[in-house]
Amino acid sequence: MRLILLGPPGAGKGTQAQVLVEELEVPHISTGDMFRAAMKAGTELGRQAKSYVDKGELVPDSVTIGLVRERLALPDCRKGFLLDGFPRTVAQAEALDELLAGLDMALDAVVNIQVDPEVLVNRLSNRRTCRNCGAVYHLLHKPPASPGKCDACGGELYQRPDDHEATVRNRLEVYTAQTRPLIDFYRRKGLLHSVDGEAEVEQVTVEIRRELGL
Ligand code: AMP
């Protein structure tokens with residue numbers, strides 16, 4: 001299955017993606033994770049991305065599209081993929097269409113996870129992420145068993161610099177201006193499935209499965 005998870009930052013795309021890729025046995029392609037890994041490794045890509053990521057701005061389309069083009073050409077994507085956090089602009093979505101056409105592939109579905117903006121500010125500013133495995137926690141609703149430590153792998157939990165409140169608000173504005181138009185873009189193509197992202201995590205998964213006929 002070739003799938004996109006769409007939604008504002010903090011909607012739960014990463015959390016749902018982790019469950020879905022296991023079930024679908026397809027690679028999880030998160031451009032945010034790829035940029036963070038490149039920044040951590042200090043590569044040229046990481047250097048290019050850093051100033052944008054830190055401010056909550058979008059990395060330029062040319063850089064992001066190039067990254068996804070290379071990733072989708074890898075053999076593991078032949079059995080399908082789940083894109084998380086890409087596309088984020090109409091130009092990226094159009095480039096993805098072209099890219100897939102060139103690979104003789106088509107999208108199967110776009111799942112839009114809907115959450116109210118104020119809920120997102122609360123979620124993101126209380127979010128803690130494992131430095132090692134990327135698992136996510138919420139200080140109030142899903143705290144780790146021992147503070148500062150990942151339940152899954154024991155890694156250190158940290159607050160992503162772009163999860164501080166001022167940056168979160170900027171990311172939400174960027175989402176509204178640049179990413180939200182993709183909802184209509186994919187609705188017009190007949191690919192859009194919307195789910196309520198304010199429900200419990202497990203319930204959201206149930207709804208996504210139902211929408212996808214899994
Ligand atoms: P995420 O983990 O998906 O919230 O992404 C974190 C940050 O990475 C975003 O705030 C952007 O700075 C950058 N980023 C991730 N995906 C994209 C994309 N498709 N286009 C541009 N920038 C992106």
# chains A, B, ... in the order shown; residues from 1 in each chain; ligands from 1

call {"tool": "closest_atom_pairs", "arguments": {"of": "chain A", "to": "ligand 1", "cutoff": "9 Å", "atoms": "only C-alpha atoms and all ligand atoms", "output": "CSV"}}
result
residue,atom,partner,partner_atom_place_in_ligand_line,distance
A:Pro8,CA,ligand 1,4 (O),8.3
A:Pro9,CA,ligand 1,4 (O),5.3
A:Gly10,CA,ligand 1,4 (O),7.4
A:Lys13,CA,ligand 1,3 (O),8.3
A:Gly14,CA,ligand 1,2 (O),8.0
A:Ser30,CA,ligand 1,3 (O),6.5
A:Thr31,CA,ligand 1,16 (N),4.4
A:Gly32,CA,ligand 1,5 (O),3.5
A:Asp33,CA,ligand 1,2 (O),5.8
A:Met34,CA,ligand 1,15 (C),8.0
A:Phe35,CA,ligand 1,8 (O),6.1
A:Arg36,CA,ligand 1,8 (O),7.3
A:Ala49,CA,ligand 1,12 (O),7.2
A:Lys50,CA,ligand 1,12 (O),7.9
A:Ser51,CA,ligand 1,12 (O),8.3
A:Tyr52,CA,ligand 1,12 (O),5.1
A:Val53,CA,ligand 1,12 (O),3.4
A:Asp54,CA,ligand 1,12 (O),6.9
A:Lys55,CA,ligand 1,12 (O),7.2
A:Gly56,CA,ligand 1,10 (O),4.4
A:Glu57,CA,ligand 1,12 (O),4.8
A:Leu58,CA,ligand 1,22 (N),3.7
A:Val59,CA,ligand 1,22 (N),3.9
A:Pro60,CA,ligand 1,21 (C),6.0
A:Asp61,CA,ligand 1,20 (N),6.2
A:Val63,CA,ligand 1,21 (C),8.3
A:Thr64,CA,ligand 1,20 (N),5.6
A:Ile65,CA,ligand 1,19 (N),7.8
A:Val68,CA,ligand 1,19 (N),8.8
A:Asp84,CA,ligand 1,3 (O),6.8
A:Gly85,CA,ligand 1,3 (O),4.4
A:Phe86,CA,ligand 1,19 (N),3.9
A:Pro87,CA,ligand 1,19 (N),4.8
A:Arg88,CA,ligand 1,19 (N),4.6
A:Thr89,CA,ligand 1,20 (N),7.1
A:Gln92,CA,ligand 1,19 (N),7.3
A:Asp162,CA,ligand 1,10 (O),7.1
A:Asp163,CA,ligand 1,4 (O),8.9
A:Thr167,CA,ligand 1,10 (O),8.9
A:Val168,CA,ligand 1,10 (O),8.8
A:Arg171,CA,ligand 1,10 (O),6.1
A:Val174,CA,ligand 1,10 (O),8.7

call {"tool": "residues_around", "arguments": {"residues": "Lys142 in chain A", "least_positions_apart": "6", "cutoff": "12 Å", "atoms": "only C-alpha atoms", "output": "number ranges by chain"}}
result
A: 123, 126-129, 135-136, 150-151, 200-201

call {"tool": "atom_distance", "arguments": {"atom1": "CA of Ala177 in chain A", "atom2": "CA of Ala11 in chain A"}}
result
16.7 Å

call {"tool": "atom_distance", "arguments": {"atom1": "CA of Gln16 in chain A", "atom2": "CA of Val204 in chain A"}}
result
7.9 Å

call {"tool": "closest_residue", "arguments": {"among": "A:Leu192, A:Leu83, A:Val110, A:Ala38", "to": "Val21 in chain A", "atoms": "only C-alpha atoms"}}
result
A:Leu83

call {"tool": "select_by_dssp", "arguments": {"residues": "range 40-157 of chain A", "states": "alpha helix (DSSP H)", "output": "number ranges by chain"}}
result
A: 40-41, 44-55, 61-72, 90-102, 117-125

call {"tool": "write_last_selection", "arguments": {"atoms": "C-alpha atoms", "output": "compact mmCIF listing (two decimals), in the first residue's frame"}}
result
# COMPACT_ATOMS: atom_id res chain seq x y z
CA LYS A 40 22.66 14.85 14.28
CA ALA A 41 25.19 13.32 11.89
CA GLU A 44 25.61 18.66 4.32
CA LEU A 45 21.85 17.98 4.25
CA GLY A 46 21.68 18.48 8.01
CA ARG A 47 23.53 21.77 7.71
CA GLN A 48 21.11 22.96 5.02
CA ALA A 49 18.05 21.93 7.03
CA LYS A 50 19.04 23.12 10.50
CA SER A 51 18.18 26.82 10.32
CA TYR A 52 14.71 26.03 8.97
CA VAL A 53 13.92 23.16 11.32
CA ASP A 54 15.04 25.11 14.41
CA LYS A 55 12.70 28.00 13.52
CA ASP A 61 11.07 22.32 -1.62
CA SER A 62 14.10 21.65 -3.84
CA VAL A 63 16.02 20.08 -0.92
CA THR A 64 13.05 18.13 0.43
CA ILE A 65 11.88 16.81 -2.92
CA GLY A 66 15.42 15.67 -3.77
CA LEU A 67 15.60 13.76 -0.50
CA VAL A 68 12.28 11.98 -1.09
CA ARG A 69 13.15 11.23 -4.71
CA GLU A 70 16.25 9.34 -3.58
CA ARG A 71 14.37 7.53 -0.83
CA LEU A 72 11.48 6.38 -3.02
CA VAL A 90 1.30 21.89 -3.08
CA ALA A 91 4.60 22.04 -5.01
CA GLN A 92 5.81 18.96 -3.09
CA ALA A 93 2.54 17.14 -3.79
CA GLU A 94 2.82 17.89 -7.50
CA ALA A 95 6.44 16.78 -7.54
CA LEU A 96 5.42 13.56 -5.77
CA ASP A 97 2.81 12.86 -8.46
CA GLU A 98 5.47 13.23 -11.15
CA LEU A 99 7.97 11.17 -9.23
CA LEU A 100 5.52 8.31 -8.74
CA ALA A 101 4.40 8.45 -12.36
CA GLY A 102 8.07 8.07 -13.34
CA PRO A 117 -4.96 23.91 16.97
CA GLU A 118 -5.19 24.62 20.74
CA VAL A 119 -5.04 20.89 21.46
CA LEU A 120 -1.90 20.76 19.32
CA VAL A 121 -0.12 23.50 21.28
CA ASN A 122 -0.79 21.58 24.49
CA ARG A 123 0.32 18.27 22.98
CA LEU A 124 3.52 19.57 21.45
CA SER A 125 4.72 21.66 24.36

call {"tool": "residues_around", "arguments": {"residues": "Asp108 in chain A", "least_positions_apart": "6", "cutoff": "9 Å", "atoms": "only C-alpha atoms", "output": "list of chain:residue names"}}
result
A:Met1, A:Arg2, A:Leu3, A:Ile4, A:Leu191

call {"tool": "write_last_selection", "arguments": {"atoms": "C-alpha atoms", "output": "mmCIF file, in the first residue's frame"}}
result
data_model
loop_
_atom_site.group_PDB
_atom_site.id
_atom_site.type_symbol
_atom_site.label_atom_id
_atom_site.label_comp_id
_atom_site.auth_asym_id
_atom_site.auth_seq_id
_atom_site.Cartn_x
_atom_site.Cartn_y
_atom_site.Cartn_z
ATOM 1 C CA MET A 1 0.000 0.000 0.000
ATOM 2 C CA ARG A 2 1.192 3.536 -0.826
ATOM 3 C CA LEU A 3 -0.006 5.860 1.832
ATOM 4 C CA ILE A 4 0.362 9.464 3.027
ATOM 5 C CA LEU A 191 -7.879 9.905 -2.185
#

call {"tool": "select_by_dssp", "arguments": {"residues": "range 110-204 of chain A", "states": "strand (DSSP E or B)", "output": "ChimeraX atom specification"}}
result
/A:110-114,127-130,136-138,142,149,156-158,192-196

call {"tool": "residues_around", "arguments": {"residues": "Gly213 in chain A", "least_positions_apart": "4", "cutoff": "12 Å", "atoms": "only C-alpha atoms", "output": "PDB file with N, CA and C atoms, in the first residue's frame"}}
result
ATOM      1  N   MET A   1       0.832  -1.202   0.000  1.00  0.00           N
ATOM      2  CA  MET A   1       0.000   0.000   0.000  1.00  0.00           C
ATOM      3  C   MET A   1       0.869   1.256   0.000  1.00  0.00           C
ATOM      4  N   ASP A 108      -2.366   5.090  -3.028  1.00  0.00           N
ATOM      5  CA  ASP A 108      -3.616   4.395  -2.726  1.00  0.00           C
ATOM      6  C   ASP A 108      -4.535   5.246  -1.855  1.00  0.00           C
ATOM      7  N   ALA A 109      -3.965   5.961  -0.890  1.00  0.00           N
ATOM      8  CA  ALA A 109      -4.817   6.717   0.031  1.00  0.00           C
ATOM      9  C   ALA A 109      -4.016   7.786   0.768  1.00  0.00           C
ATOM     10  N   HIS A 193      -9.071  10.468   3.178  1.00  0.00           N
ATOM     11  CA  HIS A 193      -9.829   9.831   4.260  1.00  0.00           C
ATOM     12  C   HIS A 193      -9.542  10.623   5.521  1.00  0.00           C
ATOM     13  N   VAL A 206      -7.952   2.468  15.039  1.00  0.00           N
ATOM     14  CA  VAL A 206      -9.131   1.701  14.600  1.00  0.00           C
ATOM     15  C   VAL A 206      -9.816   2.423  13.432  1.00  0.00           C
ATOM     16  N   GLU A 207      -9.944   3.759  13.587  1.00  0.00           N
ATOM     17  CA  GLU A 207     -10.627   4.535  12.550  1.00  0.00           C
ATOM     18  C   GLU A 207      -9.837   4.525  11.232  1.00  0.00           C
ATOM     19  N   ILE A 208      -8.514   4.623  11.356  1.00  0.00           N
ATOM     20  CA  ILE A 208      -7.679   4.603  10.142  1.00  0.00           C
ATOM     21  C   ILE A 208      -7.812   3.245   9.445  1.00  0.00           C
ATOM     22  N   ARG A 209      -7.733   2.179  10.250  1.00  0.00           N
ATOM     23  CA  ARG A 209      -7.877   0.835   9.671  1.00  0.00           C
ATOM     24  C   ARG A 209      -9.194   0.709   8.923  1.00  0.00           C
TER      25      ARG A 209
END

call {"tool": "atom_distance", "arguments": {"atom1": "CA of Asn132 in chain A", "atom2": "CA of Ala17 in chain A"}}
result
17.4 Å

call {"tool": "residues_around", "arguments": {"residues": "Glu25 in chain A", "least_positions_apart": "3", "cutoff": "12 Å", "atoms": "only C-alpha atoms", "output": "ChimeraX atom specification"}}
result
/A:1-2,17-22,28,76-82
